[in-house]
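Source file: protein-v1.cif. Holds: mmCIF, N, CA and C atoms.
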```
data_protein
#
loop_
_atom_site.label_atom_id
_atom_site.label_comp_id
_atom_site.auth_asym_id
_atom_site.auth_seq_id
_atom_site.Cartn_x
_atom_site.Cartn_y
_atom_site.Cartn_z
N MET K 60 -7.06 9.96 -4.08
CA MET K 60 -7.27 8.67 -4.68
C MET K 60 -6.11 8.37 -5.62
N GLY K 61 -5.73 7.13 -5.72
CA GLY K 61 -4.65 6.72 -6.59
C GLY K 61 -5.07 5.56 -7.47
N PHE K 62 -4.22 5.23 -8.44
CA PHE K 62 -4.52 4.18 -9.39
C PHE K 62 -3.23 3.41 -9.67
N VAL K 63 -3.29 2.09 -9.59
CA VAL K 63 -2.14 1.24 -9.90
C VAL K 63 -2.50 0.37 -11.09
N ARG K 64 -1.68 0.44 -12.11
CA ARG K 64 -1.90 -0.37 -13.31
C ARG K 64 -1.04 -1.62 -13.21
N ASN K 65 -1.65 -2.78 -13.33
CA ASN K 65 -0.94 -4.05 -13.28
C ASN K 65 -0.57 -4.46 -14.70
N ARG K 66 0.70 -4.58 -14.96
CA ARG K 66 1.16 -4.93 -16.31
C ARG K 66 0.87 -6.39 -16.68
N ASN K 67 0.82 -7.26 -15.66
CA ASN K 67 0.70 -8.70 -15.93
C ASN K 67 -0.73 -9.19 -16.07
N SER K 68 -1.68 -8.43 -15.60
CA SER K 68 -3.08 -8.86 -15.70
C SER K 68 -3.95 -7.63 -15.93
N SER K 69 -5.22 -7.87 -16.08
CA SER K 69 -6.14 -6.75 -16.30
C SER K 69 -6.73 -6.24 -14.99
N LYS K 70 -6.16 -6.66 -13.85
CA LYS K 70 -6.69 -6.25 -12.55
C LYS K 70 -6.00 -4.97 -12.08
N ASN K 71 -6.51 -3.84 -12.52
CA ASN K 71 -6.00 -2.56 -12.06
C ASN K 71 -6.66 -2.21 -10.73
N ARG K 72 -5.98 -1.41 -9.91
CA ARG K 72 -6.46 -1.11 -8.56
C ARG K 72 -6.60 0.40 -8.35
N ILE K 73 -7.67 0.77 -7.70
CA ILE K 73 -7.88 2.14 -7.25
C ILE K 73 -7.75 2.13 -5.74
N PHE K 74 -7.08 3.13 -5.19
CA PHE K 74 -6.91 3.18 -3.74
C PHE K 74 -7.04 4.61 -3.25
N ILE K 75 -7.29 4.76 -1.96
CA ILE K 75 -7.46 6.07 -1.36
C ILE K 75 -6.20 6.40 -0.55
N LEU K 76 -5.75 7.65 -0.69
CA LEU K 76 -4.59 8.13 0.06
C LEU K 76 -5.05 9.14 1.10
N SER K 77 -4.46 9.10 2.27
CA SER K 77 -4.74 10.14 3.25
C SER K 77 -4.10 11.43 2.78
N LYS K 78 -4.58 12.56 3.26
CA LYS K 78 -4.02 13.86 2.86
C LYS K 78 -2.55 13.96 3.27
N ILE K 79 -2.23 13.43 4.45
CA ILE K 79 -0.85 13.49 4.93
C ILE K 79 0.06 12.65 4.04
N PHE K 80 -0.37 11.42 3.71
CA PHE K 80 0.46 10.56 2.86
C PHE K 80 0.60 11.15 1.47
N LYS K 81 -0.47 11.74 0.95
CA LYS K 81 -0.41 12.35 -0.38
C LYS K 81 0.62 13.48 -0.39
N LYS K 82 0.61 14.30 0.65
CA LYS K 82 1.56 15.39 0.76
C LYS K 82 3.00 14.85 0.79
N ASP K 83 3.22 13.81 1.61
CA ASP K 83 4.55 13.21 1.70
C ASP K 83 4.97 12.56 0.38
N LEU K 84 4.03 11.93 -0.31
CA LEU K 84 4.32 11.28 -1.58
C LEU K 84 4.71 12.30 -2.65
N LEU K 85 4.00 13.42 -2.70
CA LEU K 85 4.34 14.47 -3.66
C LEU K 85 5.71 15.07 -3.36
N LYS K 86 6.03 15.22 -2.08
CA LYS K 86 7.34 15.70 -1.67
C LYS K 86 8.43 14.72 -2.09
N TYR K 87 8.17 13.42 -1.90
CA TYR K 87 9.11 12.37 -2.30
C TYR K 87 9.34 12.41 -3.80
N GLU K 88 8.27 12.59 -4.55
CA GLU K 88 8.35 12.60 -6.01
C GLU K 88 9.28 13.71 -6.52
N LYS K 89 9.31 14.83 -5.83
CA LYS K 89 10.15 15.96 -6.25
C LYS K 89 11.63 15.70 -6.01
N THR K 90 11.95 14.85 -5.05
CA THR K 90 13.35 14.64 -4.68
C THR K 90 13.93 13.32 -5.17
N HIS K 91 13.13 12.49 -5.82
CA HIS K 91 13.62 11.19 -6.28
C HIS K 91 13.32 11.00 -7.76
N THR K 92 14.12 10.15 -8.40
CA THR K 92 13.92 9.88 -9.81
C THR K 92 12.80 8.87 -10.01
N GLU K 93 12.32 8.78 -11.23
CA GLU K 93 11.19 7.89 -11.55
C GLU K 93 11.53 6.42 -11.38
N ASP K 94 12.79 6.06 -11.53
CA ASP K 94 13.17 4.64 -11.46
C ASP K 94 13.48 4.17 -10.03
N GLU K 95 13.32 5.04 -9.03
CA GLU K 95 13.53 4.64 -7.64
C GLU K 95 12.23 4.10 -7.04
N TYR K 96 12.37 3.10 -6.19
CA TYR K 96 11.21 2.50 -5.54
C TYR K 96 10.88 3.25 -4.26
N ILE K 97 9.60 3.39 -3.98
CA ILE K 97 9.18 4.04 -2.74
C ILE K 97 9.48 3.15 -1.55
N PHE K 98 9.15 1.89 -1.67
CA PHE K 98 9.41 0.92 -0.62
C PHE K 98 10.64 0.11 -1.02
N SER K 99 11.78 0.50 -0.46
CA SER K 99 13.02 -0.16 -0.86
C SER K 99 13.88 -0.44 0.36
N VAL K 100 14.82 -1.34 0.16
CA VAL K 100 15.82 -1.66 1.17
C VAL K 100 17.17 -1.55 0.48
N ASN K 101 18.01 -0.67 0.98
CA ASN K 101 19.32 -0.43 0.38
C ASN K 101 19.23 -0.09 -1.11
N GLY K 102 18.22 0.67 -1.48
CA GLY K 102 18.06 1.10 -2.86
C GLY K 102 17.46 0.08 -3.80
N ARG K 103 17.12 -1.09 -3.28
CA ARG K 103 16.53 -2.15 -4.12
C ARG K 103 15.09 -2.36 -3.70
N LYS K 104 14.23 -2.74 -4.65
CA LYS K 104 12.83 -2.94 -4.32
C LYS K 104 12.66 -4.07 -3.31
N MET K 105 11.65 -3.92 -2.46
CA MET K 105 11.37 -4.96 -1.47
C MET K 105 10.72 -6.15 -2.14
N SER K 106 11.05 -7.32 -1.66
CA SER K 106 10.42 -8.54 -2.17
C SER K 106 9.02 -8.66 -1.57
N GLN K 107 8.21 -9.53 -2.15
CA GLN K 107 6.88 -9.77 -1.58
C GLN K 107 7.01 -10.23 -0.14
N ARG K 108 7.95 -11.10 0.12
CA ARG K 108 8.14 -11.62 1.47
C ARG K 108 8.57 -10.50 2.43
N GLY K 109 9.40 -9.58 1.94
CA GLY K 109 9.84 -8.45 2.75
C GLY K 109 8.67 -7.55 3.15
N ILE K 110 7.77 -7.32 2.21
CA ILE K 110 6.58 -6.50 2.50
C ILE K 110 5.69 -7.23 3.49
N GLN K 111 5.50 -8.52 3.29
CA GLN K 111 4.69 -9.31 4.23
C GLN K 111 5.27 -9.24 5.63
N ASN K 112 6.59 -9.35 5.73
CA ASN K 112 7.25 -9.31 7.04
C ASN K 112 7.11 -7.92 7.67
N ALA K 113 7.24 -6.87 6.89
CA ALA K 113 7.09 -5.50 7.42
C ALA K 113 5.69 -5.29 7.98
N ILE K 114 4.68 -5.81 7.29
CA ILE K 114 3.30 -5.68 7.77
C ILE K 114 3.12 -6.49 9.05
N LYS K 115 3.70 -7.67 9.09
CA LYS K 115 3.61 -8.51 10.29
C LYS K 115 4.24 -7.80 11.50
N VAL K 116 5.41 -7.22 11.31
CA VAL K 116 6.10 -6.51 12.39
C VAL K 116 5.28 -5.30 12.84
N ALA K 117 4.73 -4.55 11.88
CA ALA K 117 3.91 -3.38 12.23
C ALA K 117 2.68 -3.80 13.03
N ALA K 118 2.06 -4.91 12.66
CA ALA K 118 0.89 -5.41 13.39
C ALA K 118 1.27 -5.79 14.81
N GLU K 119 2.40 -6.48 14.97
CA GLU K 119 2.85 -6.87 16.30
C GLU K 119 3.14 -5.64 17.17
N ARG K 120 3.79 -4.64 16.59
CA ARG K 120 4.11 -3.42 17.34
C ARG K 120 2.86 -2.65 17.75
N SER K 121 1.81 -2.75 16.95
CA SER K 121 0.58 -2.03 17.28
C SER K 121 -0.33 -2.84 18.20
N GLY K 122 0.10 -4.05 18.56
CA GLY K 122 -0.67 -4.85 19.51
C GLY K 122 -1.74 -5.73 18.88
N ILE K 123 -1.72 -5.88 17.57
CA ILE K 123 -2.68 -6.75 16.89
C ILE K 123 -2.24 -8.19 17.06
N LYS K 124 -3.11 -9.02 17.58
CA LYS K 124 -2.77 -10.41 17.90
C LYS K 124 -3.02 -11.36 16.72
N LYS K 125 -3.93 -11.00 15.81
CA LYS K 125 -4.27 -11.87 14.68
C LYS K 125 -3.21 -11.80 13.59
N ASN K 126 -3.21 -12.81 12.71
CA ASN K 126 -2.33 -12.78 11.54
C ASN K 126 -2.78 -11.68 10.59
N VAL K 127 -1.84 -10.89 10.11
CA VAL K 127 -2.14 -9.79 9.19
C VAL K 127 -1.25 -9.94 7.97
N SER K 128 -1.83 -9.75 6.80
CA SER K 128 -1.08 -9.84 5.54
C SER K 128 -1.55 -8.71 4.63
N PRO K 129 -0.85 -8.46 3.52
CA PRO K 129 -1.34 -7.46 2.57
C PRO K 129 -2.76 -7.76 2.10
N ARG K 130 -3.07 -9.02 1.92
CA ARG K 130 -4.42 -9.40 1.48
C ARG K 130 -5.46 -9.08 2.56
N THR K 131 -5.10 -9.31 3.83
CA THR K 131 -6.00 -8.98 4.93
C THR K 131 -6.31 -7.48 4.93
N LEU K 132 -5.28 -6.66 4.73
CA LEU K 132 -5.48 -5.21 4.71
C LEU K 132 -6.39 -4.81 3.56
N ARG K 133 -6.16 -5.37 2.38
CA ARG K 133 -6.99 -5.05 1.22
C ARG K 133 -8.44 -5.46 1.44
N HIS K 134 -8.63 -6.65 2.03
CA HIS K 134 -9.97 -7.17 2.28
C HIS K 134 -10.70 -6.30 3.31
N SER K 135 -10.03 -5.94 4.40
CA SER K 135 -10.68 -5.12 5.43
C SER K 135 -10.99 -3.73 4.89
N PHE K 136 -10.13 -3.20 4.03
CA PHE K 136 -10.38 -1.91 3.41
C PHE K 136 -11.63 -1.98 2.53
N GLY K 137 -11.76 -3.05 1.74
CA GLY K 137 -12.94 -3.23 0.89
C GLY K 137 -14.21 -3.35 1.71
N GLN K 138 -14.14 -4.07 2.82
CA GLN K 138 -15.31 -4.21 3.69
C GLN K 138 -15.71 -2.86 4.27
N THR K 139 -14.73 -2.06 4.66
CA THR K 139 -15.02 -0.74 5.21
C THR K 139 -15.70 0.15 4.18
N LEU K 140 -15.19 0.11 2.94
CA LEU K 140 -15.82 0.91 1.87
C LEU K 140 -17.26 0.49 1.64
N CYS K 141 -17.51 -0.81 1.62
CA CYS K 141 -18.88 -1.30 1.43
C CYS K 141 -19.79 -0.85 2.56
N LEU K 142 -19.30 -0.90 3.78
CA LEU K 142 -20.07 -0.49 4.94
C LEU K 142 -20.40 0.99 4.86
N ILE K 143 -19.44 1.79 4.47
CA ILE K 143 -19.67 3.24 4.33
C ILE K 143 -20.74 3.50 3.28
N MET K 144 -20.68 2.76 2.17
CA MET K 144 -21.67 2.95 1.09
C MET K 144 -23.07 2.57 1.58
N VAL K 145 -23.17 1.54 2.40
CA VAL K 145 -24.47 1.10 2.91
C VAL K 145 -25.03 2.11 3.89
N LEU K 146 -24.18 2.69 4.72
CA LEU K 146 -24.63 3.61 5.76
C LEU K 146 -24.95 5.01 5.24
N THR K 147 -24.46 5.36 4.05
CA THR K 147 -24.73 6.70 3.54
C THR K 147 -25.85 6.72 2.54
#
```
Give the structure from this file in structure tokens form.
Amino acid sequence: MGFVRNRNSSKNRIFILSKIFKKDLLKYEKTHTEDEYIFSVNGRKMSQRGIQNAIKVAAERSGIKKNVSPRTLRHSFGQTLCLIMVLT
């Protein structure tokens, strides 16, 4: 599980990491400095539009026909968590 603190608002986020991603993230942390971005292009942070485009391309490559955005992913993740809570 991870936690993202939003400096501009009081909307902090909790998220779940897969074991594989967590392992890769910890490995990344050991080899990079704190001021480097995880998602970057040529050493610079990705713009919101760049992230949206990357998600769109990934959806197209995976054969998803519907429009997909970061908000769509967050919403579907929340729905899945609610469903899991109801079923258990």
Exercise for the section: Please provide the set of residues having any atom within 6 Å of region 124-132 of chain K, restricted to all atoms listed in the file, with same-chain residues fewer than 5 positions apart removed, written as an MDAnalysis selection string. Expected result: chainID K and resid 111 114:115 137
Practice task
For CA of His134 (chain K) and CA of Arg72 (chain K), determine how far apart the two atoms are, in Å to one decimal place.
Solution key: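 About the pair CA of His134 (chain K) and CA of Arg72 (chain K): they are 12.9 Å apart.
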Completion exercise
note - atom N of Lys82 (chain K) and CA of Leu146 (chain K) are separated by 27.9 Å
Handout entry: Members of chain K assigned helix (DSSP H, G or I) by DSSP, as an MDAnalysis selection string
Key = chainID K and resid 78:90 107:120 129:146
Interface rows for region 84-119 of chain K against region 73-80 of chain K: nearest pair, Å to one decimal, 10 Å, only C-alpha atoms, as CSV:
```
residue,atom,partner,partner_atom,distance
K:Leu84,CA,K:Phe80,CA,5.9
K:Leu85,CA,K:Phe80,CA,8.5
K:Lys86,CA,K:Phe80,CA,9.7
```
Exercise for the section: Please measure the separation of CA of Ser135 (chain K) and atom C of Ala117 (chain K), giving the value in Å to one decimal. Expected result: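 According to the coordinates, CA of Ser135 (chain K) and atom C of Ala117 (chain K) are separated by 15.4 Å.
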Handout entry: Nearby residues, (9.3, -3.5, -1.7) file frame, 12 Å, only C-alpha atoms, as a ChimeraX atom specification
Key = /K:95-114
Practice task
Can you check which residues of chain K DSSP gives as strand (DSSP E or B) on the backbone and send them as a VMD selection string?
Solution key: chain K and resid 61 to 63 72 to 74 99 to 100 103 to 104
